[in-house]
>>> print(open('query_0.cif').read())   # mmCIF, C-alpha atoms and all ligand atoms
data_upload
loop_
_atom_site.label_atom_id
_atom_site.label_comp_id
_atom_site.auth_asym_id
_atom_site.auth_seq_id
_atom_site.Cartn_x
_atom_site.Cartn_y
_atom_site.Cartn_z
CA MET A 12 64.38 -17.87 -12.97
CA GLN A 13 66.37 -16.17 -15.72
CA THR A 14 66.80 -12.44 -15.28
CA ASP A 15 69.57 -11.29 -17.59
CA ALA A 16 68.47 -12.94 -20.84
CA LEU A 17 68.34 -10.58 -23.83
CA ILE A 18 64.57 -10.67 -24.31
CA LEU A 19 63.89 -10.11 -20.59
CA ARG A 20 66.20 -7.10 -20.57
CA ALA A 21 64.42 -5.74 -23.66
CA ALA A 22 61.05 -6.23 -21.95
CA LYS A 23 62.24 -4.27 -18.93
CA GLY A 24 63.81 -1.49 -20.98
CA LEU A 25 67.38 -2.35 -19.95
CA LYS A 26 70.40 -2.14 -22.24
CA VAL A 27 70.56 -4.72 -25.04
CA GLU A 28 73.30 -5.54 -27.54
CA ARG A 29 70.76 -6.29 -30.29
CA THR A 30 67.00 -6.61 -30.80
CA PRO A 31 65.62 -9.94 -29.53
CA VAL A 32 63.26 -11.92 -31.76
CA TRP A 33 60.65 -14.65 -31.57
CA VAL A 34 57.65 -15.50 -33.74
CA MET A 35 54.06 -16.01 -32.69
CA ARG A 36 53.04 -19.59 -33.59
CA GLN A 37 56.71 -20.51 -34.03
CA ALA A 38 55.96 -23.97 -32.60
CA GLY A 39 53.67 -25.47 -35.17
CA ARG A 40 52.92 -26.52 -38.67
CA ILE A 41 55.67 -24.51 -40.42
CA LEU A 42 58.20 -27.02 -39.07
CA PRO A 43 58.46 -30.50 -40.66
CA GLU A 44 59.71 -31.76 -37.27
CA TYR A 45 56.44 -30.57 -35.68
CA ARG A 46 54.30 -32.15 -38.39
CA ALA A 47 56.11 -35.48 -37.91
CA ILE A 48 55.26 -35.60 -34.22
CA ARG A 49 51.74 -34.33 -34.82
CA ALA A 50 51.10 -37.03 -37.48
CA SER A 51 51.96 -39.80 -35.02
CA LEU A 52 49.21 -38.67 -32.60
CA SER A 53 45.42 -38.78 -32.47
CA GLY A 54 45.22 -35.01 -32.73
CA PHE A 55 46.19 -31.57 -31.50
CA LYS A 56 44.85 -32.11 -27.99
CA GLU A 57 46.95 -35.19 -27.40
CA LEU A 58 50.03 -33.10 -28.18
CA VAL A 59 48.92 -30.29 -25.87
CA GLU A 60 48.12 -32.72 -23.05
CA THR A 61 51.30 -34.81 -23.23
CA PRO A 62 53.94 -32.74 -21.36
CA ALA A 63 57.06 -34.39 -22.81
CA LEU A 64 55.80 -33.90 -26.38
CA ALA A 65 54.51 -30.37 -25.78
CA ALA A 66 57.94 -29.55 -24.34
CA GLU A 67 59.66 -31.12 -27.33
CA VAL A 68 57.75 -29.11 -29.96
CA SER A 69 58.23 -25.93 -27.89
CA LYS A 70 62.00 -26.39 -28.12
CA GLN A 71 62.06 -27.11 -31.87
CA PRO A 72 61.99 -23.43 -32.96
CA VAL A 73 64.82 -22.65 -30.54
CA ASP A 74 67.01 -25.32 -32.13
CA ILE A 75 65.90 -24.93 -35.76
CA LEU A 76 65.10 -21.22 -36.08
CA GLY A 77 67.34 -19.74 -33.39
CA VAL A 78 64.67 -17.63 -31.68
CA ASP A 79 65.45 -15.82 -28.42
CA ALA A 80 62.60 -17.38 -26.43
CA ALA A 81 60.51 -20.55 -26.38
CA ILE A 82 56.74 -20.22 -26.06
CA ILE A 83 55.09 -23.15 -24.37
CA PHE A 84 53.09 -25.24 -26.83
CA SER A 85 49.46 -25.10 -25.72
CA ASP A 86 46.31 -23.18 -26.62
CA ILE A 87 44.30 -20.36 -25.11
CA LEU A 88 41.25 -22.67 -25.12
CA VAL A 89 42.53 -24.84 -22.27
CA VAL A 90 41.13 -22.20 -19.89
CA PRO A 91 37.45 -22.48 -20.90
CA GLU A 92 37.92 -26.25 -20.83
CA ALA A 93 39.31 -26.13 -17.28
CA MET A 94 36.28 -24.02 -16.31
CA GLY A 95 33.84 -26.64 -17.62
CA LEU A 96 33.49 -26.09 -21.37
CA PRO A 97 35.52 -28.73 -23.22
CA TYR A 98 36.83 -27.86 -26.69
CA GLN A 99 37.56 -29.93 -29.75
CA MET A 100 40.05 -28.93 -32.43
CA LEU A 101 38.43 -29.94 -35.73
CA GLU A 102 40.77 -30.62 -38.66
CA GLN A 103 40.64 -27.78 -41.21
CA LYS A 104 37.91 -26.02 -39.20
CA GLY A 105 39.45 -24.92 -35.92
CA PRO A 106 38.00 -24.91 -32.42
CA TRP A 107 34.51 -26.12 -31.53
CA PHE A 108 32.71 -26.18 -28.17
CA GLU A 109 29.77 -28.50 -27.61
CA LYS A 110 28.53 -26.50 -24.60
CA THR A 111 28.50 -22.70 -24.63
CA ILE A 112 27.36 -19.98 -22.23
CA GLU A 113 23.72 -19.07 -22.88
CA THR A 114 22.28 -18.10 -19.49
CA HIS A 115 23.19 -16.72 -16.09
CA ALA A 116 22.90 -20.27 -14.70
CA ASP A 117 25.56 -21.39 -17.18
CA ILE A 118 27.91 -18.76 -15.76
CA LEU A 119 27.19 -19.85 -12.19
CA ARG A 120 27.98 -23.46 -13.10
CA LEU A 121 31.45 -22.56 -14.37
CA ASN A 122 34.32 -23.68 -12.21
CA ALA A 123 36.34 -20.63 -11.13
CA HIS A 124 38.27 -21.07 -7.89
CA ASN A 125 39.92 -24.41 -8.64
CA ALA A 126 39.89 -24.39 -12.43
CA HIS A 127 43.65 -23.77 -12.67
CA GLU A 128 44.21 -27.12 -10.92
CA ASN A 129 42.88 -28.86 -14.04
CA LEU A 130 45.82 -27.56 -16.06
CA GLN A 131 48.63 -29.50 -14.42
CA TYR A 132 49.67 -30.85 -17.84
CA VAL A 133 50.63 -27.30 -18.89
CA TYR A 134 52.75 -26.77 -15.75
CA ASP A 135 54.38 -30.17 -16.28
CA ALA A 136 55.16 -29.26 -19.90
CA ILE A 137 56.77 -25.98 -18.78
CA ALA A 138 58.85 -27.76 -16.13
CA CYS A 139 59.99 -30.32 -18.70
CA LEU A 140 60.82 -27.59 -21.25
CA LYS A 141 62.73 -25.69 -18.57
CA LYS A 142 64.89 -28.72 -17.95
CA ASN A 143 65.46 -29.39 -21.65
CA LEU A 144 66.39 -25.77 -22.42
CA ALA A 145 69.01 -25.81 -19.65
CA GLY A 146 68.97 -22.04 -19.35
CA SER A 147 69.59 -21.36 -23.07
CA VAL A 148 66.55 -19.09 -23.62
CA PRO A 149 63.63 -17.92 -21.45
CA ILE A 150 60.16 -19.46 -21.60
CA ILE A 151 57.08 -17.45 -22.52
CA GLY A 152 53.90 -18.56 -20.75
CA PHE A 153 50.59 -17.32 -22.11
CA ALA A 154 46.83 -17.11 -21.84
CA GLY A 155 43.98 -15.63 -23.83
CA ALA A 156 42.67 -12.25 -22.69
CA PRO A 157 39.34 -12.37 -20.84
CA TRP A 158 37.48 -10.75 -23.77
CA THR A 159 38.82 -13.28 -26.31
CA ILE A 160 38.01 -16.24 -24.02
CA PHE A 161 34.52 -14.75 -23.44
CA CYS A 162 34.08 -14.74 -27.24
CA TYR A 163 34.79 -18.48 -27.52
CA MET A 164 32.70 -19.34 -24.45
CA ILE A 165 29.65 -17.67 -25.99
CA GLU A 166 30.09 -18.34 -29.70
CA GLY A 167 31.53 -21.84 -29.28
CA LYS A 168 33.66 -21.44 -32.39
CA GLY A 169 35.43 -18.83 -34.49
CA SER A 170 33.46 -15.99 -36.05
CA LYS A 171 34.10 -13.00 -38.30
CA THR A 172 32.09 -10.59 -36.17
CA PHE A 173 31.66 -12.25 -32.74
CA SER A 174 28.26 -10.57 -32.77
CA LEU A 175 26.74 -13.15 -30.37
CA ALA A 176 29.41 -12.34 -27.81
CA LYS A 177 28.95 -8.60 -28.44
CA LYS A 178 25.17 -9.00 -28.02
CA TRP A 179 25.89 -10.00 -24.42
CA LEU A 180 27.87 -6.81 -23.83
CA TYR A 181 24.98 -4.67 -25.06
CA GLN A 182 22.03 -6.70 -23.69
CA ALA A 183 23.50 -7.99 -20.43
CA PRO A 184 26.49 -5.84 -19.43
CA ASP A 185 26.29 -6.82 -15.74
CA LEU A 186 26.31 -10.55 -16.49
CA SER A 187 29.08 -9.98 -19.01
CA HIS A 188 31.20 -8.41 -16.27
CA ILE A 189 30.49 -11.36 -13.97
CA LEU A 190 31.72 -13.77 -16.62
CA LEU A 191 34.75 -11.63 -17.52
CA ASP A 192 35.63 -11.43 -13.84
CA LYS A 193 35.49 -15.22 -13.45
CA ILE A 194 37.71 -15.73 -16.48
CA THR A 195 40.16 -13.15 -15.09
CA GLU A 196 40.38 -14.89 -11.73
CA VAL A 197 41.21 -18.22 -13.35
CA THR A 198 43.63 -16.62 -15.80
CA ILE A 199 45.67 -14.97 -13.03
CA GLN A 200 45.94 -18.23 -11.07
CA TYR A 201 46.78 -20.12 -14.27
CA LEU A 202 49.56 -17.67 -15.17
CA GLN A 203 50.93 -17.72 -11.60
CA GLU A 204 51.21 -21.50 -11.82
CA GLN A 205 52.99 -21.18 -15.17
CA VAL A 206 55.53 -18.84 -13.56
CA ARG A 207 55.95 -21.24 -10.64
CA ALA A 208 56.62 -24.04 -13.15
CA GLY A 209 59.30 -22.01 -14.95
CA ALA A 210 57.76 -19.40 -17.29
CA ASP A 211 60.06 -16.33 -17.36
CA MET A 212 57.71 -13.94 -19.13
CA LEU A 213 54.03 -13.88 -20.07
CA GLN A 214 51.92 -12.88 -23.04
CA ILE A 215 48.18 -12.20 -23.13
CA PHE A 216 46.56 -12.80 -26.52
CA ASP A 217 43.52 -10.61 -27.16
CA SER A 218 42.99 -11.89 -30.67
CA TRP A 219 39.46 -10.49 -31.01
CA ALA A 220 40.13 -7.03 -29.62
CA GLU A 221 39.54 -5.78 -33.15
CA VAL A 222 35.77 -6.31 -33.05
CA LEU A 223 35.23 -3.89 -30.15
CA SER A 224 34.98 -0.09 -30.35
CA PRO A 225 37.54 1.79 -28.24
CA GLU A 226 34.76 2.60 -25.75
CA ALA A 227 33.59 -1.03 -25.48
CA TYR A 228 37.22 -2.11 -25.16
CA ARG A 229 37.75 0.44 -22.36
CA ILE A 230 34.75 -0.94 -20.47
CA PHE A 231 34.88 -4.69 -21.13
CA ALA A 232 38.55 -5.45 -21.73
CA ILE A 233 40.84 -2.87 -20.12
CA PRO A 234 39.80 -3.40 -16.44
CA TYR A 235 40.55 -7.12 -16.72
CA LEU A 236 43.86 -6.61 -18.53
CA ASP A 237 44.66 -4.14 -15.76
CA LYS A 238 43.98 -6.75 -13.05
CA ILE A 239 46.14 -9.32 -14.84
CA SER A 240 48.98 -6.85 -15.40
CA GLN A 241 48.86 -5.73 -11.78
CA ALA A 242 49.19 -9.31 -10.57
CA PHE A 243 52.62 -9.52 -12.26
CA ALA A 244 53.85 -5.92 -12.19
CA GLY A 245 57.44 -5.72 -10.98
CA LYS A 246 57.66 -9.52 -10.87
CA THR A 247 57.28 -11.20 -14.26
CA PRO A 248 57.49 -9.23 -17.54
CA ILE A 249 54.12 -9.28 -19.25
CA THR A 250 53.14 -8.47 -22.84
CA LEU A 251 49.63 -7.45 -23.86
CA PHE A 252 48.85 -8.21 -27.49
CA SER A 253 45.47 -6.75 -28.36
CA LYS A 254 45.20 -7.41 -32.05
CA GLY A 255 43.51 -4.64 -33.99
CA ALA A 256 42.83 -2.49 -30.91
CA HIS A 257 44.09 0.65 -32.61
CA GLY A 258 41.79 3.08 -30.85
CA SER A 259 42.62 1.46 -27.52
CA ARG A 260 46.40 1.90 -27.58
CA LYS A 261 46.07 4.91 -25.27
CA TYR A 262 44.25 2.78 -22.67
CA LEU A 263 46.75 -0.07 -22.95
CA ALA A 264 49.58 2.44 -22.45
CA ALA A 265 48.24 3.28 -19.00
CA LEU A 266 48.34 -0.33 -17.74
CA PRO A 267 51.23 -1.66 -15.61
CA CYS A 268 52.46 -4.05 -18.34
CA ASP A 269 56.02 -4.08 -19.70
CA THR A 270 55.38 -4.71 -23.39
CA ILE A 271 52.61 -3.97 -25.87
CA GLY A 272 52.31 -6.08 -29.02
CA LEU A 273 51.54 -4.34 -32.31
CA ASP A 274 49.97 -5.84 -35.41
CA TRP A 275 51.16 -4.80 -38.87
CA THR A 276 48.28 -2.44 -39.59
CA VAL A 277 49.52 0.29 -37.24
CA ASP A 278 52.20 2.86 -37.89
CA ILE A 279 55.24 2.31 -35.66
CA ALA A 280 56.09 5.98 -34.98
CA GLU A 281 52.44 6.82 -34.30
CA SER A 282 52.19 3.87 -31.87
CA ARG A 283 55.32 5.00 -30.06
CA ALA A 284 53.89 8.53 -29.78
CA ILE A 285 50.60 7.23 -28.35
CA ILE A 286 52.14 4.64 -26.03
CA GLY A 287 55.13 6.69 -24.91
CA ALA A 288 58.73 5.76 -24.12
CA ASN A 289 58.06 3.66 -21.01
CA LYS A 290 56.89 0.47 -22.69
CA THR A 291 58.63 -2.06 -24.88
CA LEU A 292 56.86 -2.58 -28.23
CA GLN A 293 56.67 -5.99 -29.89
CA GLY A 294 56.05 -6.74 -33.55
CA ASN A 295 55.08 -6.08 -36.21
CA LEU A 296 56.00 -7.42 -39.65
CA ASP A 297 53.02 -8.53 -41.74
CA PRO A 298 53.24 -12.36 -41.69
CA CYS A 299 52.47 -12.29 -45.44
CA VAL A 300 55.78 -10.52 -46.12
CA LEU A 301 57.29 -13.98 -45.56
CA TYR A 302 55.61 -15.09 -48.81
CA SER A 303 57.82 -12.68 -50.77
CA SER A 304 61.35 -13.05 -52.17
CA GLU A 305 64.36 -13.25 -49.88
CA ALA A 306 65.50 -9.78 -50.97
CA GLU A 307 62.10 -8.30 -50.13
CA ILE A 308 62.02 -10.04 -46.72
CA VAL A 309 65.44 -8.57 -45.89
CA LYS A 310 64.35 -5.11 -47.04
CA GLN A 311 61.07 -5.06 -45.14
CA THR A 312 62.55 -6.55 -41.96
CA GLU A 313 65.36 -3.98 -41.97
CA LYS A 314 62.86 -1.19 -42.52
CA MET A 315 60.82 -2.40 -39.56
CA LEU A 316 63.95 -2.50 -37.36
CA ALA A 317 64.95 1.00 -38.47
CA ASP A 318 61.43 2.29 -37.72
CA PHE A 319 61.57 0.90 -34.17
CA ALA A 320 65.09 2.40 -33.91
CA GLY A 321 66.25 -0.28 -31.47
CA GLN A 322 64.45 1.41 -28.61
CA ARG A 323 62.59 -0.95 -26.33
CA HIS A 324 61.76 -3.37 -29.15
CA ILE A 325 61.16 -7.11 -29.35
CA ALA A 326 60.98 -8.16 -33.01
CA ASN A 327 58.11 -10.43 -34.04
CA LEU A 328 55.48 -10.70 -36.74
CA GLY A 329 52.28 -8.72 -36.34
CA HIS A 330 50.36 -11.96 -35.72
CA GLY A 331 51.00 -15.70 -35.86
CA VAL A 332 53.01 -17.09 -38.76
CA TYR A 333 50.74 -18.75 -41.35
CA PRO A 334 51.14 -22.53 -41.52
CA ASP A 335 51.94 -22.55 -45.26
CA THR A 336 54.97 -20.29 -44.80
CA ASP A 337 58.37 -21.71 -45.83
CA TRP A 338 60.22 -22.19 -42.53
CA GLN A 339 63.48 -21.10 -44.15
CA LYS A 340 61.95 -17.70 -44.80
CA VAL A 341 60.98 -17.51 -41.13
CA LYS A 342 64.60 -18.29 -40.34
CA LEU A 343 65.71 -15.57 -42.74
CA PHE A 344 63.52 -13.05 -40.85
CA ILE A 345 65.11 -14.14 -37.57
CA ASP A 346 68.65 -14.01 -38.97
CA VAL A 347 68.11 -10.52 -40.39
CA VAL A 348 67.03 -9.28 -36.94
CA LYS A 349 69.97 -10.97 -35.23
CA ASN A 350 72.54 -9.58 -37.67
CA TYR A 351 71.17 -6.05 -38.00
CA LYS A 352 73.48 -3.19 -37.09
CA PHE A 353 71.97 0.16 -36.20
CA LYS A 354 73.61 3.00 -38.11
CA ASN A 355 74.91 4.93 -35.11
CA ALA A 356 75.42 1.95 -32.82
O1 LIG B 401 54.01 -21.30 -31.12
C1 LIG B 401 53.14 -20.75 -30.43
O2 LIG B 401 52.81 -19.54 -30.59
C2 LIG B 401 52.53 -21.54 -29.29
C3 LIG B 401 51.36 -22.24 -29.57
C4 LIG B 401 49.97 -21.58 -29.69
C5 LIG B 401 48.89 -22.28 -30.28
N1 LIG B 401 47.77 -21.54 -30.12
C6 LIG B 401 49.00 -23.59 -30.93
C7 LIG B 401 48.01 -23.96 -31.96
C8 LIG B 401 49.47 -20.37 -29.21
C9 LIG B 401 50.19 -19.23 -28.50
C10 LIG B 401 48.06 -20.37 -29.48
C11 LIG B 401 47.16 -19.28 -29.08
C12 LIG B 401 45.81 -19.19 -29.69
N2 LIG B 401 44.93 -20.21 -29.92
C13 LIG B 401 45.18 -17.99 -30.04
C14 LIG B 401 45.77 -16.62 -29.86
C15 LIG B 401 46.73 -16.28 -30.92
C16 LIG B 401 46.11 -15.94 -32.26
O3 LIG B 401 46.40 -16.67 -33.20
O4 LIG B 401 45.37 -14.96 -32.33
C17 LIG B 401 43.91 -18.30 -30.56
C18 LIG B 401 42.87 -17.33 -31.08
C19 LIG B 401 43.76 -19.72 -30.46
C20 LIG B 401 42.58 -20.54 -30.82
C21 LIG B 401 42.90 -21.44 -31.94
N3 LIG B 401 43.74 -22.54 -31.84
C22 LIG B 401 42.40 -21.40 -33.27
C23 LIG B 401 41.45 -20.35 -33.81
C24 LIG B 401 42.96 -22.49 -33.95
C25 LIG B 401 42.65 -22.95 -35.36
C26 LIG B 401 43.38 -22.14 -36.37
C27 LIG B 401 44.70 -22.78 -36.71
O5 LIG B 401 45.71 -22.08 -36.66
O6 LIG B 401 44.70 -23.96 -37.06
C28 LIG B 401 43.83 -23.16 -33.06
C29 LIG B 401 44.65 -24.36 -33.34
C30 LIG B 401 46.09 -24.32 -33.04
N4 LIG B 401 46.66 -23.77 -31.93
C31 LIG B 401 47.12 -24.91 -33.83
C32 LIG B 401 48.31 -24.67 -33.17
C33 LIG B 401 49.69 -25.12 -33.57
C34 LIG B 401 46.90 -25.67 -35.13
C35 LIG B 401 46.42 -27.05 -34.86
C36 LIG B 401 47.29 -28.18 -35.35
O7 LIG B 401 48.52 -28.09 -35.43
O8 LIG B 401 46.70 -29.20 -35.67
#
>>> encode(input="query_0.cif", output="structure tokens", more="lines below")
Ligand code: CP3
Amino acid sequence: MQTDALILRAAKGLKVERTPVWVMRQAGRILPEYRAIRASLSGFKELVETPALAAEVSKQPVDILGVDAAIIFSDILVVPEAMGLPYQMLEQKGPWFEKTIETHADILRLNAHNAHENLQYVYDAIACLKKNLAGSVPIIGFAGAPWTIFCYMIEGKGSKTFSLAKKWLYQAPDLSHILLDKITEVTIQYLQEQVRAGADMLQIFDSWAEVLSPEAYRIFAIPYLDKISQAFAGKTPITLFSKGAHGSRKYLAALPCDTIGLDWTVDIAESRAIIGANKTLQGNLDPCVLYSSEAEIVKQTEKMLADFAGQRHIANLGHGVYPDTDWQKVKLFIDVVKNYKFKNA
């Protein structure tokens, strides 16, 4: 396992010579090289489930964009599938589940204890990527947060409000906790296997944190993020990215994670004040800034770096890069971070 790579040192709060950078969704449709591979296949799932190809597209942003870490090419939805709810990725529409969770019996039928064994293709992809990277940059393994996976298991597709999933929290809180607990158990085993296969750090995506009140987030999300963080504390650096969970930053700050991801809607200084000095912060340029001119991208990226002041910071966008972004502007963002000199450094 790598230990002294730049991004791992930044995650642990050790000394760094510059701010490390990677981009959420860096392996994907922004790159012509990705689209070429994708076009030769039956679909997204074939790419995810073919380890040599998943490893290849994971390495593309390292070679083409020069990022400081590779994230394994996969999806958060492989976990519900491994538990018994297969997903489809519909062109132009996104994820769709034929079966969803509707009753207590549906929860009991879910595979929990051995579900992680159904994800060997992910571990194989990580092992293959590890070999291909030959120690150049660390590998980020990932999973969805229990709340976000719960959302897809109940709704069966994307939603603006996730009100069906939230209905469960308010009508059946005990059953909701049983389901969240099952997802957590599988997620921890899944992430442990990713580390065993070669992942050097981990990120938890709570993409739908934003639909919960701080109180609901404290009750239905935080205890499970706590369990996951505890499983890796002191072993593998772990990042919690709870998108839109502004009112919950104080709860996240108390968890034994190394890094907290910020979206672009929060103030950097305010977040640092709430979270304190003992965590690394990741983010948080608005992905839409990459639609602007080169001069504006340089200006806004440098402002973001100055606001984080080089203290425990991993540069990233505030959410995944949009697929219609010019990859050269993504590269510009990365180059600006890599070349930035702090005034009193
Ligand atoms: O480069 C990387 O960041 C690694 C790859 C990655 C994918 N999905 C590939 C993907 C990661 C980390 C994810 C996580 C993921 N998947 C999340 C959490 C992050 C976030 O965006 O909030 C979520 C919510 C999903 C579920 C998901 N997968 C949706 C809603 C969609 C459809 C929307 C879209 O972007 O098309 C996907 C599909 C998906 N996952 C694609 C990719 C590259 C696009 C499919 C394709 O290329 O055909």
>>> closest_residue(input="query_0.cif", among="A:Ile87, A:Ala208, A:Ala126, A:Ile137", to="Ile160 (chain A)", atoms="only C-alpha atoms")
A:Ile87
>>> residues_around(input="query_0.cif", residues="Trp158 (chain A)", least_positions_apart="4", cutoff="10 Å", atoms="all atoms listed in the file", output="list in words")
Cys162, Tyr163, Met164, Ala176, Lys177, Ser187, Leu190, Leu191, Ile194, Thr195, Phe216, Asp217, Ser218, Trp219, Ala220, Leu223, Tyr228, Phe231, Ala232, Ile233, Tyr235 and Leu236 of chain A
>>> residues_near_ligand(input="query_0.cif", ligand="ligand LIG 401 (chain B)", cutoff="7 Å", atoms="only C-alpha atoms and all ligand atoms", output="ChimeraX atom specification")
/A:35-40,54-55,82-88,100,102-106,153,155,169,216-218,330-331
>>> write_last_selection(input="query_0.cif", atoms="C-alpha atoms", output="compact mmCIF listing (two decimals), in the coordinates of the input")
# COMPACT_ATOMS: atom_id res chain seq x y z
CA MET A 35 54.06 -16.01 -32.69
CA ARG A 36 53.04 -19.59 -33.59
CA GLN A 37 56.71 -20.51 -34.03
CA ALA A 38 55.96 -23.97 -32.60
CA GLY A 39 53.67 -25.47 -35.17
CA ARG A 40 52.92 -26.52 -38.67
CA GLY A 54 45.22 -35.01 -32.73
CA PHE A 55 46.19 -31.57 -31.50
CA ILE A 82 56.74 -20.22 -26.06
CA ILE A 83 55.09 -23.15 -24.37
CA PHE A 84 53.09 -25.24 -26.83
CA SER A 85 49.46 -25.10 -25.72
CA ASP A 86 46.31 -23.18 -26.62
CA ILE A 87 44.30 -20.36 -25.11
CA LEU A 88 41.25 -22.67 -25.12
CA MET A 100 40.05 -28.93 -32.43
CA GLU A 102 40.77 -30.62 -38.66
CA GLN A 103 40.64 -27.78 -41.21
CA LYS A 104 37.91 -26.02 -39.20
CA GLY A 105 39.45 -24.92 -35.92
CA PRO A 106 38.00 -24.91 -32.42
CA PHE A 153 50.59 -17.32 -22.11
CA GLY A 155 43.98 -15.63 -23.83
CA GLY A 169 35.43 -18.83 -34.49
CA PHE A 216 46.56 -12.80 -26.52
CA ASP A 217 43.52 -10.61 -27.16
CA SER A 218 42.99 -11.89 -30.67
CA HIS A 330 50.36 -11.96 -35.72
CA GLY A 331 51.00 -15.70 -35.86
>>> closest_residue(input="query_0.cif", among="A:Lys340, A:His127, A:Arg323, A:Lys56", to="Tyr302 (chain A)", atoms="all atoms listed in the file")
A:Lys340
>>> closest_residue(input="query_0.cif", among="A:Ala284, A:Ile249, A:Met315, A:Ala242", to="Lys261 (chain A)", atoms="only C-alpha atoms")
A:Ala284
>>> atom_distance(input="query_0.cif", atom1="CA of Pro298 (chain A)", atom2="CA of Phe108 (chain A)")
28.2 Å
>>> atom_distance(input="query_0.cif", atom1="CA of His115 (chain A)", atom2="CA of Leu175 (chain A)")
15.1 Å
>>> closest_residue(input="query_0.cif", among="A:Lys342, A:Ile18, A:Glu221, A:Thr276", to="Lys171 (chain A)", atoms="only C-alpha atoms")
A:Glu221
>>> residues_around(input="query_0.cif", residues="Gly272 (chain A)", least_positions_apart="6", cutoff="10 Å", atoms="all atoms listed in the file", output="list of chain:residue names")
A:Gln214, A:Ile215, A:Phe216, A:Thr250, A:Leu251, A:Phe252, A:Ser253, A:Lys254, A:Thr291, A:Leu292, A:Gln293, A:Gly294, A:Asn295, A:His324, A:Ile325, A:Ala326, A:Asn327, A:Leu328, A:Gly329, A:His330
>>> atom_distance(input="query_0.cif", atom1="CA of Leu130 (chain A)", atom2="CA of Leu52 (chain A)")
20.2 Å
>>> residues_around(input="query_0.cif", residues="Lys290 (chain A)", least_positions_apart="5", cutoff="10 Å", atoms="only C-alpha atoms", output="list in words")
Ala21, Ala22, Lys23, Gly24, Thr250, Ala264, Ala265, Leu266, Pro267, Cys268, Asp269, Thr270, Ile271, Arg283, Gln322, Arg323 and His324 of chain A
>>> closest_residue(input="query_0.cif", among="A:Pro72, A:Pro225, A:Gly287, A:Gly209", to="Gly146 (chain A)", atoms="only C-alpha atoms")
A:Gly209
>>> residues_around(input="query_0.cif", residues="Val222 (chain A)", least_positions_apart="3", cutoff="8 Å", atoms="all atoms listed in the file", output="number ranges by chain")
A: 172-173, 219, 255
>>> closest_residue(input="query_0.cif", among="A:Thr312, A:Arg20, A:Glu67, A:Gly95", to="Thr111 (chain A)", atoms="all atoms listed in the file")
A:Gly95
>>> build_atoms(input="query_0.cif", residues="region 239-251 of chain A", atoms="N, CA and C atoms", output="CSV table (one decimal), in the coordinates of the input")
chain,number,residue,atom,x,y,z
A,239,ILE,N,45.1,-8.3,-14.5
A,239,ILE,CA,46.1,-9.3,-14.8
A,239,ILE,C,47.5,-8.7,-14.8
A,240,SER,N,47.7,-7.5,-15.4
A,240,SER,CA,49.0,-6.8,-15.4
A,240,SER,C,49.4,-6.5,-14.0
A,241,GLN,N,48.5,-6.1,-13.2
A,241,GLN,CA,48.9,-5.7,-11.8
A,241,GLN,C,49.4,-6.9,-11.0
A,242,ALA,N,48.8,-8.1,-11.3
A,242,ALA,CA,49.2,-9.3,-10.6
A,242,ALA,C,50.7,-9.7,-10.8
A,243,PHE,N,51.2,-9.2,-11.9
A,243,PHE,CA,52.6,-9.5,-12.3
A,243,PHE,C,53.6,-8.3,-12.3
A,244,ALA,N,53.0,-7.1,-12.1
A,244,ALA,CA,53.8,-5.9,-12.2
A,244,ALA,C,55.0,-6.0,-11.3
A,245,GLY,N,56.2,-5.7,-11.8
A,245,GLY,CA,57.4,-5.7,-11.0
A,245,GLY,C,58.0,-7.1,-10.7
A,246,LYS,N,57.2,-8.1,-11.2
A,246,LYS,CA,57.7,-9.5,-10.9
A,246,LYS,C,58.0,-10.3,-12.2
A,247,THR,N,57.0,-10.5,-13.0
A,247,THR,CA,57.3,-11.2,-14.3
A,247,THR,C,56.9,-10.3,-15.4
A,248,PRO,N,57.8,-10.1,-16.4
A,248,PRO,CA,57.5,-9.2,-17.5
A,248,PRO,C,56.3,-9.8,-18.3
A,249,ILE,N,55.4,-8.9,-18.6
A,249,ILE,CA,54.1,-9.3,-19.2
A,249,ILE,C,53.8,-8.4,-20.5
A,250,THR,N,53.4,-9.1,-21.6
A,250,THR,CA,53.1,-8.5,-22.8
A,250,THR,C,51.6,-8.5,-23.1
A,251,LEU,N,51.0,-7.4,-23.5
A,251,LEU,CA,49.6,-7.4,-23.9
A,251,LEU,C,49.6,-7.3,-25.4
